[in-house]
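Trainee: Have a peek at my_file-v4.txt (compact mmCIF, C-alpha atoms).
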```
# COMPACT_ATOMS: atom_id res chain seq x y z
CA MET A 1 131.46 113.78 107.60
CA THR A 2 130.56 114.91 111.11
CA SER A 3 132.24 113.33 114.09
CA GLU A 4 129.00 111.58 115.10
CA ILE A 5 128.48 110.08 111.65
CA LYS A 6 132.11 108.98 111.59
CA ARG A 7 131.75 107.37 115.04
CA LEU A 8 128.62 105.49 114.01
CA THR A 9 130.20 104.39 110.73
CA ASN A 10 133.18 103.00 112.61
CA ILE A 11 130.85 100.99 114.83
CA CYS A 12 129.14 99.60 111.73
CA GLN A 13 132.49 98.40 110.50
CA SER A 14 133.83 96.88 113.70
CA GLY A 15 131.11 96.54 116.33
CA GLU A 16 129.04 93.60 117.49
CA PRO A 17 125.80 92.90 115.58
CA GLU A 18 123.56 94.66 118.10
CA GLN A 19 125.79 97.73 118.01
CA GLN A 20 125.91 97.64 114.22
CA ILE A 21 122.14 97.50 113.95
CA ALA A 22 121.68 100.43 116.34
CA SER A 23 124.32 102.44 114.46
CA ILE A 24 122.72 101.76 111.08
CA GLU A 25 119.38 102.97 112.39
CA ALA A 26 120.98 106.07 113.89
CA LEU A 27 122.70 106.88 110.60
CA VAL A 28 119.38 106.64 108.78
CA GLU A 29 117.88 109.07 111.29
CA LEU A 30 120.75 111.44 110.48
CA ASN A 31 120.09 111.00 106.74
CA ALA A 32 123.74 110.01 106.38
CA THR A 33 123.83 109.19 102.67
CA ASN A 34 127.63 109.12 102.81
CA ALA A 35 127.32 105.96 104.93
CA ILE A 36 125.78 104.00 102.04
CA PRO A 37 129.14 102.43 101.02
CA THR A 38 129.45 101.09 104.57
CA PHE A 39 125.93 99.67 104.42
CA LEU A 40 126.78 97.91 101.16
CA LEU A 41 129.72 96.24 102.87
CA LEU A 42 127.35 95.01 105.57
CA PHE A 43 125.40 93.07 102.95
CA ALA A 44 128.14 90.47 103.52
CA SER A 45 127.71 90.40 107.31
CA PRO A 46 127.35 86.90 108.78
CA ASP A 47 124.41 88.17 110.84
CA PRO A 48 121.10 88.11 108.90
CA VAL A 49 119.54 90.91 110.96
CA VAL A 50 122.50 93.16 110.18
CA ARG A 51 122.08 92.38 106.48
CA PHE A 52 118.33 93.02 106.73
CA THR A 53 118.83 96.35 108.50
CA ALA A 54 121.51 97.45 106.03
CA ILE A 55 119.14 96.74 103.14
CA GLN A 56 116.43 98.84 104.77
CA ALA A 57 118.90 101.67 105.26
CA VAL A 58 120.07 101.61 101.65
CA SER A 59 116.52 101.65 100.32
CA GLU A 60 115.65 104.64 102.50
CA LEU A 61 118.75 106.69 101.76
CA ALA A 62 119.84 105.76 98.23
CA VAL A 63 119.23 108.49 95.67
CA GLU A 64 120.44 106.62 92.59
CA ALA A 65 119.15 103.06 92.31
CA GLU A 66 121.90 102.20 89.83
CA LEU A 67 124.50 102.56 92.57
CA VAL A 68 122.95 99.98 94.89
CA GLY A 69 120.75 97.85 92.62
CA PRO A 70 123.42 95.32 91.58
CA ALA A 71 124.36 94.64 95.21
CA LEU A 72 120.70 94.18 96.14
CA LEU A 73 120.22 91.77 93.24
CA ARG A 74 123.00 89.55 94.56
CA LEU A 75 121.10 89.21 97.82
CA LEU A 76 118.29 87.39 96.03
CA ASN A 77 120.53 84.35 96.48
CA ASP A 78 120.88 84.89 100.24
CA GLY A 79 120.15 81.88 102.43
CA GLU A 80 117.75 83.77 104.72
CA ASP A 81 114.13 84.38 103.71
CA ILE A 82 113.92 87.75 105.45
CA VAL A 83 117.00 89.00 103.63
CA ARG A 84 115.78 87.93 100.19
CA SER A 85 112.36 89.40 100.91
CA GLU A 86 113.74 92.74 102.09
CA ALA A 87 116.12 92.94 99.12
CA ILE A 88 113.18 92.48 96.75
CA ASP A 89 111.16 95.10 98.64
CA ALA A 90 114.09 97.50 98.35
CA LEU A 91 114.39 96.92 94.61
CA GLY A 92 110.73 97.85 94.30
CA ARG A 93 111.02 100.96 96.45
CA LEU A 94 113.97 102.07 94.34
CA CYS A 95 112.17 101.15 91.08
CA TYR A 96 115.28 99.33 89.86
CA GLU A 97 113.99 98.09 86.51
CA PRO A 98 116.96 95.77 85.72
CA ALA A 99 115.67 93.59 88.59
CA LEU A 100 112.54 92.66 86.64
CA ALA A 101 113.63 89.22 85.42
CA ALA A 102 115.14 88.18 88.74
CA VAL A 103 112.05 89.27 90.67
CA GLN A 104 109.81 87.31 88.30
CA THR A 105 111.98 84.26 88.89
CA ALA A 106 111.67 84.73 92.65
CA LEU A 107 107.89 85.00 92.34
CA LEU A 108 107.62 81.71 90.48
CA GLN A 109 110.44 79.68 92.02
CA ASP A 110 111.41 80.82 95.52
CA SER A 111 110.51 78.28 98.21
CA SER A 112 109.52 81.00 100.70
CA ALA A 113 106.01 82.46 100.57
CA LEU A 114 107.37 85.59 102.24
CA VAL A 115 109.77 86.11 99.34
CA ARG A 116 107.15 85.31 96.71
CA ALA A 117 104.76 87.83 98.26
CA SER A 118 107.44 90.51 98.19
CA ALA A 119 108.12 89.67 94.56
CA ALA A 120 104.44 89.94 93.65
CA GLU A 121 104.24 93.37 95.26
CA THR A 122 107.51 94.59 93.76
CA LEU A 123 106.46 93.69 90.21
CA GLY A 124 103.62 96.16 90.62
CA ASP A 125 106.07 98.79 91.85
CA LEU A 126 108.40 98.24 88.89
CA GLY A 127 105.53 99.05 86.55
CA GLU A 128 106.38 96.74 83.64
CA PRO A 129 103.32 95.06 82.02
CA VAL A 130 105.59 92.29 80.73
CA ALA A 131 105.34 90.84 84.26
CA LEU A 132 101.60 90.18 83.92
CA GLN A 133 102.01 86.57 82.81
CA SER A 134 104.06 85.77 85.91
CA LEU A 135 101.53 87.54 88.12
CA GLU A 136 98.64 85.62 86.59
CA CYS A 137 100.47 82.39 87.40
CA ALA A 138 100.93 83.65 90.97
CA LEU A 139 97.15 84.04 91.32
CA GLN A 140 97.18 80.26 91.72
CA ASP A 141 99.91 80.25 94.38
CA SER A 142 99.20 78.17 97.49
CA ASP A 143 99.80 81.18 99.75
CA GLU A 144 97.05 83.75 100.34
CA SER A 145 99.38 86.74 100.63
CA VAL A 146 101.12 85.90 97.36
CA ARG A 147 97.78 85.74 95.56
CA ALA A 148 96.63 88.99 97.17
CA TYR A 149 99.73 90.95 96.16
CA ALA A 150 99.63 89.41 92.69
CA ALA A 151 96.04 90.56 92.21
CA ASN A 152 96.86 94.10 93.27
CA SER A 153 99.84 94.24 90.94
CA CYS A 154 97.70 92.99 88.05
CA GLY A 155 95.46 95.99 88.63
CA LEU A 156 98.46 98.31 88.50
CA LEU A 157 99.99 96.87 85.32
CA ALA A 158 97.10 95.70 83.15
CA ASP A 159 94.41 97.36 81.07
CA ALA A 160 90.66 96.74 80.88
CA ALA A 161 91.22 93.53 78.92
CA GLU A 162 92.46 91.93 82.15
CA ILE A 163 89.09 92.35 83.91
CA ASN A 164 87.68 89.10 82.51
CA ALA A 165 90.84 87.14 83.31
CA LEU A 166 90.64 88.34 86.90
CA ALA A 167 86.96 87.38 87.00
CA ARG A 168 87.87 83.76 86.29
CA HIS A 169 90.17 83.73 89.30
CA LEU A 170 87.51 85.46 91.40
CA GLN A 171 85.06 82.61 90.82
CA SER A 172 87.39 80.01 92.29
CA GLU A 173 89.14 82.08 94.98
CA PRO A 174 88.31 80.87 98.52
CA SER A 175 89.90 83.76 100.44
CA SER A 176 87.86 86.89 101.14
CA ARG A 177 91.05 88.92 101.36
CA VAL A 178 92.20 87.81 97.91
CA ARG A 179 88.71 88.27 96.48
CA ALA A 180 88.81 91.83 97.77
CA GLU A 181 92.15 92.43 96.05
CA ILE A 182 90.84 91.00 92.78
CA LEU A 183 87.78 93.24 92.98
CA GLY A 184 90.02 96.19 93.81
CA ALA A 185 92.12 95.46 90.75
CA GLN A 186 89.07 95.11 88.52
CA TYR A 187 87.66 98.41 89.76
CA ARG A 188 90.99 100.11 89.15
CA LEU A 189 90.82 98.79 85.58
CA GLY A 190 87.34 100.24 85.04
CA SER A 191 84.77 97.68 86.25
CA SER A 192 81.85 99.36 88.00
CA ASN A 193 80.41 95.94 88.91
CA ALA A 194 83.56 95.24 90.88
CA LEU A 195 82.86 98.21 93.13
CA ILE A 196 79.37 96.90 93.85
CA ALA A 197 80.80 93.56 94.96
CA PHE A 198 83.54 95.33 96.92
CA LEU A 199 80.94 97.39 98.81
CA GLU A 200 79.13 94.16 99.66
CA LEU A 201 82.35 92.90 101.24
CA ILE A 202 82.56 96.13 103.23
CA GLU A 203 79.00 95.56 104.51
CA THR A 204 79.78 92.08 105.80
CA SER A 205 83.42 92.45 106.84
CA ASP A 206 84.77 91.81 110.31
CA ASP A 207 87.80 93.24 112.10
CA ASP A 208 90.04 90.67 110.43
CA LEU A 209 89.05 91.55 106.86
CA ALA A 210 88.29 95.26 107.27
CA PRO A 211 91.94 96.47 107.43
CA SER A 212 92.63 94.82 104.07
CA LEU A 213 89.59 96.51 102.54
CA LEU A 214 90.62 99.90 103.89
CA ASN A 215 94.16 99.41 102.60
CA ILE A 216 92.76 98.74 99.13
CA VAL A 217 90.83 102.01 99.21
CA ASP A 218 93.96 103.75 100.48
CA ASP A 219 95.90 102.34 97.55
CA TRP A 220 93.26 103.58 95.09
CA LEU A 221 93.78 107.08 96.44
CA TYR A 222 97.56 106.83 96.47
CA ARG A 223 98.34 105.57 92.96
CA ASN A 224 96.64 104.67 89.68
CA THR A 225 93.36 106.07 90.99
CA PRO A 226 90.36 104.35 89.36
CA ILE A 227 88.88 106.51 86.64
CA GLY A 228 85.38 106.12 88.06
CA LEU A 229 86.23 107.00 91.65
CA ALA A 230 85.17 110.65 91.41
CA ASN A 231 81.65 109.51 90.46
CA ASP A 232 81.55 106.80 93.13
CA VAL A 233 82.77 108.83 96.09
CA ILE A 234 79.37 109.18 97.75
CA GLN A 235 78.51 105.48 97.85
CA LEU A 236 82.04 104.56 98.91
CA HIS A 237 81.94 107.22 101.63
CA GLN A 238 78.63 105.83 102.89
CA GLY A 239 79.97 102.28 102.92
CA LEU A 240 83.04 103.29 104.90
CA ARG A 241 81.01 105.23 107.45
CA ALA A 242 78.71 102.25 107.97
CA LEU A 243 81.75 100.02 108.45
CA ALA A 244 83.14 102.34 111.12
CA GLN A 245 79.84 102.28 112.98
CA ARG A 246 79.84 98.47 113.01
CA LEU A 247 83.56 98.13 113.71
CA PRO A 248 84.76 100.97 115.97
CA LEU A 249 88.35 99.71 115.86
CA GLN A 250 88.48 100.84 112.22
CA GLN A 251 87.24 104.38 112.95
CA SER A 252 90.58 106.20 112.72
CA HIS A 253 91.50 104.66 109.37
CA VAL A 254 88.02 105.35 108.01
CA ASP A 255 88.30 108.99 109.12
CA ILE A 256 91.52 109.39 107.15
CA LEU A 257 90.02 107.83 104.03
CA THR A 258 86.77 109.78 104.12
CA THR A 259 88.72 113.02 104.48
CA GLN A 260 90.72 112.12 101.38
CA LEU A 261 87.55 111.18 99.53
CA GLN A 262 86.06 114.54 100.46
CA THR A 263 89.01 116.17 98.72
CA ILE A 264 88.13 114.28 95.54
CA THR A 265 84.53 115.45 95.85
CA LEU A 266 85.59 119.08 96.21
CA ALA A 267 87.99 118.78 93.30
CA GLY A 268 85.19 117.43 91.14
```
Can you present the structure in this file as structure tokens?
Mentor:
Amino acid sequence: MTSEIKRLTNICQSGEPEQQIASIEALVELNATNAIPTFLLLFASPDPVVRFTAIQAVSELAVEAELVGPALLRLLNDGEDIVRSEAIDALGRLCYEPALAAVQTALLQDSSALVRASAAETLGDLGEPVALQSLECALQDSDESVRAYAANSCGLLADAAEINALARHLQSEPSSRVRAEILGAQYRLGSSNALIAFLELIETSDDDLAPSLLNIVDDWLYRNTPIGLANDVIQLHQGLRALAQRLPLQQSHVDILTTQLQTITLAG
């Protein structure tokens, strides 16, 4: 342990909350994996921001999820929404599969929409289709973000048989953002009609909806790429370019996506 890492670790153990937070962040910058035991101790800090920051640090530095997963699971009972939410996010980033049941419970029972949204997203990250029933229930959640993340996770975990179930939710969904996520999930599962409807949303989107649409395309490229994407690159490329012309604020994100789509075209 270098002298600087030791100094920062000592501050984490004995400093004031603001000093602890700054030291945690500095240790992450130094990739100080040997500070993880100290971060785990900070999960018991009386300051919620310290706990939150320590969770972030552990999820960024931990190599073996088994070493930190049990401590993160205990934080699902924390009294602060931001702490429970960040703990669930961390469990997803670490792909800690033993968290599956607890995260499903959080999705269906936690009083905080922030926590439920994190749970919906994390179930997709954990990759266990057994969570589909919980996610389908969450498609009726009162909170838009929870429904949106649940739809995306359904697309990651399900097979083509889920397309019709998602269509039933699409018919009654009032939110354009959630409708976009449902269409994105259906397209990921093999529905060409979903892409047509998604492109129609692109044509009519504004600067509020457009970032969500672009993030969906980004997610298609990043993981579980739709099987039909290679054949649909041209029309998707055209739709994105037209969006950027209408909404200049989205130009930089569109440029990134169209460059990635060009790579798919060349590979094909």
Trainee: Report as a ChimeraX atom specification all protein, DNA and RNA residues lying within 12 Å of stretch 28-36 of chain A, evaluated on only C-alpha atoms, omitting residues in the same chain fewer than 5 positions from it.
Mentor: /A:1-13,21-23,41-43,53-65,67-68,71
Trainee: Record the distance separating atom CA of A:Leu100 and atom CA of A:Arg179, expressed in Å with one decimal.
Mentor: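 It comes out at 26.2 Å.
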Trainee: Which of these, A:Leu257, A:Asn231, A:Leu236, A:Ala165, has the shortest distance to A:Phe198 once you count all atoms listed in the file?
Mentor: A:Leu236
Trainee: Using only C-alpha atoms, which of the listed residues (A:Pro211, A:Pro48, A:Gly228, A:Gly190) sits closest to A:Leu75?
Mentor: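 Answer, going by the shortest atom-to-atom distance: A:Pro48.
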Trainee: From the list A:Gln186, A:Ser176, A:Asn164, A:Asn77, which residue is nearest A:Ala151 when using all atoms listed in the file?
Mentor: A:Gln186
Trainee: State, in Å with one decimal place, the distance from atom CA of A:Ala160 to atom CA of A:Arg188.
Mentor: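 Taking atom CA of A:Ala160 and atom CA of A:Arg188, their separation equals 8.9 Å.
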Trainee: Would you list the residues near (112.2, 80.9, 100.7), meaning any protein, DNA or RNA residue with an atom at most 9 Å from that point in file coordinates, counting only C-alpha atoms, as a list in words?
Mentor: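 The answer, in the requested form, is Gly79, Glu80, Asp81, Ile82, Arg84, Ser85, Ala106, Gln109, Asp110, Ser111, Ser112, Ala113, Leu114, Val115 and Arg116 of chain A.
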Trainee: Complete the atoms of stretch 14-41 of chain A to N, CA and C atoms and put them out as a JSON list (two decimals), in the frame of the given file.
Mentor:
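Listing of out33.json after writing:
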```
[["chain", "number", "residue", "atom", "x", "y", "z"],
["A", 14, "SER", "N", 133.06, 97.71, 112.77],
["A", 14, "SER", "CA", 133.83, 96.88, 113.70],
["A", 14, "SER", "C", 133.07, 96.42, 114.94],
["A", 15, "GLY", "N", 131.84, 96.87, 115.11],
["A", 15, "GLY", "CA", 131.11, 96.54, 116.33],
["A", 15, "GLY", "C", 130.46, 95.17, 116.29],
["A", 16, "GLU", "N", 129.83, 94.82, 117.41],
["A", 16, "GLU", "CA", 129.04, 93.60, 117.49],
["A", 16, "GLU", "C", 127.71, 93.83, 116.75],
["A", 17, "PRO", "N", 127.03, 92.74, 116.36],
["A", 17, "PRO", "CA", 125.80, 92.90, 115.58],
["A", 17, "PRO", "C", 124.78, 93.86, 116.18],
["A", 18, "GLU", "N", 124.54, 93.76, 117.49],
["A", 18, "GLU", "CA", 123.56, 94.66, 118.10],
["A", 18, "GLU", "C", 123.99, 96.11, 117.98],
["A", 19, "GLN", "N", 125.28, 96.37, 118.15],
["A", 19, "GLN", "CA", 125.79, 97.73, 118.01],
["A", 19, "GLN", "C", 125.70, 98.19, 116.55],
["A", 20, "GLN", "N", 125.99, 97.29, 115.64],
["A", 20, "GLN", "CA", 125.91, 97.64, 114.22],
["A", 20, "GLN", "C", 124.48, 98.02, 113.83],
["A", 21, "ILE", "N", 123.54, 97.24, 114.28],
["A", 21, "ILE", "CA", 122.14, 97.50, 113.95],
["A", 21, "ILE", "C", 121.70, 98.86, 114.48],
["A", 22, "ALA", "N", 122.04, 99.14, 115.75],
["A", 22, "ALA", "CA", 121.68, 100.43, 116.34],
["A", 22, "ALA", "C", 122.36, 101.58, 115.60],
["A", 23, "SER", "N", 123.59, 101.38, 115.17],
["A", 23, "SER", "CA", 124.32, 102.44, 114.46],
["A", 23, "SER", "C", 123.74, 102.68, 113.07],
["A", 24, "ILE", "N", 123.37, 101.61, 112.39],
["A", 24, "ILE", "CA", 122.72, 101.76, 111.08],
["A", 24, "ILE", "C", 121.46, 102.59, 111.21],
["A", 25, "GLU", "N", 120.64, 102.24, 112.19],
["A", 25, "GLU", "CA", 119.38, 102.97, 112.39],
["A", 25, "GLU", "C", 119.62, 104.43, 112.73],
["A", 26, "ALA", "N", 120.65, 104.69, 113.53],
["A", 26, "ALA", "CA", 120.98, 106.07, 113.89],
["A", 26, "ALA", "C", 121.46, 106.85, 112.67],
["A", 27, "LEU", "N", 122.21, 106.22, 111.81],
["A", 27, "LEU", "CA", 122.70, 106.88, 110.60],
["A", 27, "LEU", "C", 121.55, 107.21, 109.65],
["A", 28, "VAL", "N", 120.57, 106.34, 109.60],
["A", 28, "VAL", "CA", 119.38, 106.64, 108.78],
["A", 28, "VAL", "C", 118.66, 107.86, 109.34],
["A", 29, "GLU", "N", 118.53, 107.91, 110.67],
["A", 29, "GLU", "CA", 117.88, 109.07, 111.29],
["A", 29, "GLU", "C", 118.63, 110.37, 110.96],
["A", 30, "LEU", "N", 119.93, 110.27, 110.81],
["A", 30, "LEU", "CA", 120.75, 111.44, 110.48],
["A", 30, "LEU", "C", 120.80, 111.71, 108.97],
["A", 31, "ASN", "N", 120.09, 110.88, 108.21],
["A", 31, "ASN", "CA", 120.09, 111.00, 106.74],
["A", 31, "ASN", "C", 121.52, 110.98, 106.18],
["A", 32, "ALA", "N", 122.31, 110.08, 106.71],
["A", 32, "ALA", "CA", 123.74, 110.01, 106.38],
["A", 32, "ALA", "C", 123.95, 109.23, 105.08],
["A", 33, "THR", "N", 123.68, 109.87, 103.96],
["A", 33, "THR", "CA", 123.83, 109.19, 102.67],
["A", 33, "THR", "C", 125.28, 108.78, 102.40],
["A", 34, "ASN", "N", 126.22, 109.49, 103.03],
["A", 34, "ASN", "CA", 127.63, 109.12, 102.81],
["A", 34, "ASN", "C", 128.01, 107.82, 103.52],
["A", 35, "ALA", "N", 127.07, 107.26, 104.30],
["A", 35, "ALA", "CA", 127.32, 105.96, 104.93],
["A", 35, "ALA", "C", 126.88, 104.79, 104.06],
["A", 36, "ILE", "N", 126.28, 105.08, 102.90],
["A", 36, "ILE", "CA", 125.78, 104.00, 102.04],
["A", 36, "ILE", "C", 126.88, 103.00, 101.67],
["A", 37, "PRO", "N", 128.10, 103.42, 101.32],
["A", 37, "PRO", "CA", 129.14, 102.43, 101.02],
["A", 37, "PRO", "C", 129.39, 101.46, 102.18],
["A", 38, "THR", "N", 129.29, 101.97, 103.40],
["A", 38, "THR", "CA", 129.45, 101.09, 104.57],
["A", 38, "THR", "C", 128.30, 100.10, 104.65],
["A", 39, "PHE", "N", 127.08, 100.57, 104.39],
["A", 39, "PHE", "CA", 125.93, 99.67, 104.42],
["A", 39, "PHE", "C", 126.08, 98.56, 103.37],
["A", 40, "LEU", "N", 126.59, 98.92, 102.21],
["A", 40, "LEU", "CA", 126.78, 97.91, 101.16],
["A", 40, "LEU", "C", 127.76, 96.83, 101.61],
["A", 41, "LEU", "N", 128.78, 97.22, 102.34],
["A", 41, "LEU", "CA", 129.72, 96.24, 102.87],
["A", 41, "LEU", "C", 129.04, 95.29, 103.85]]
```
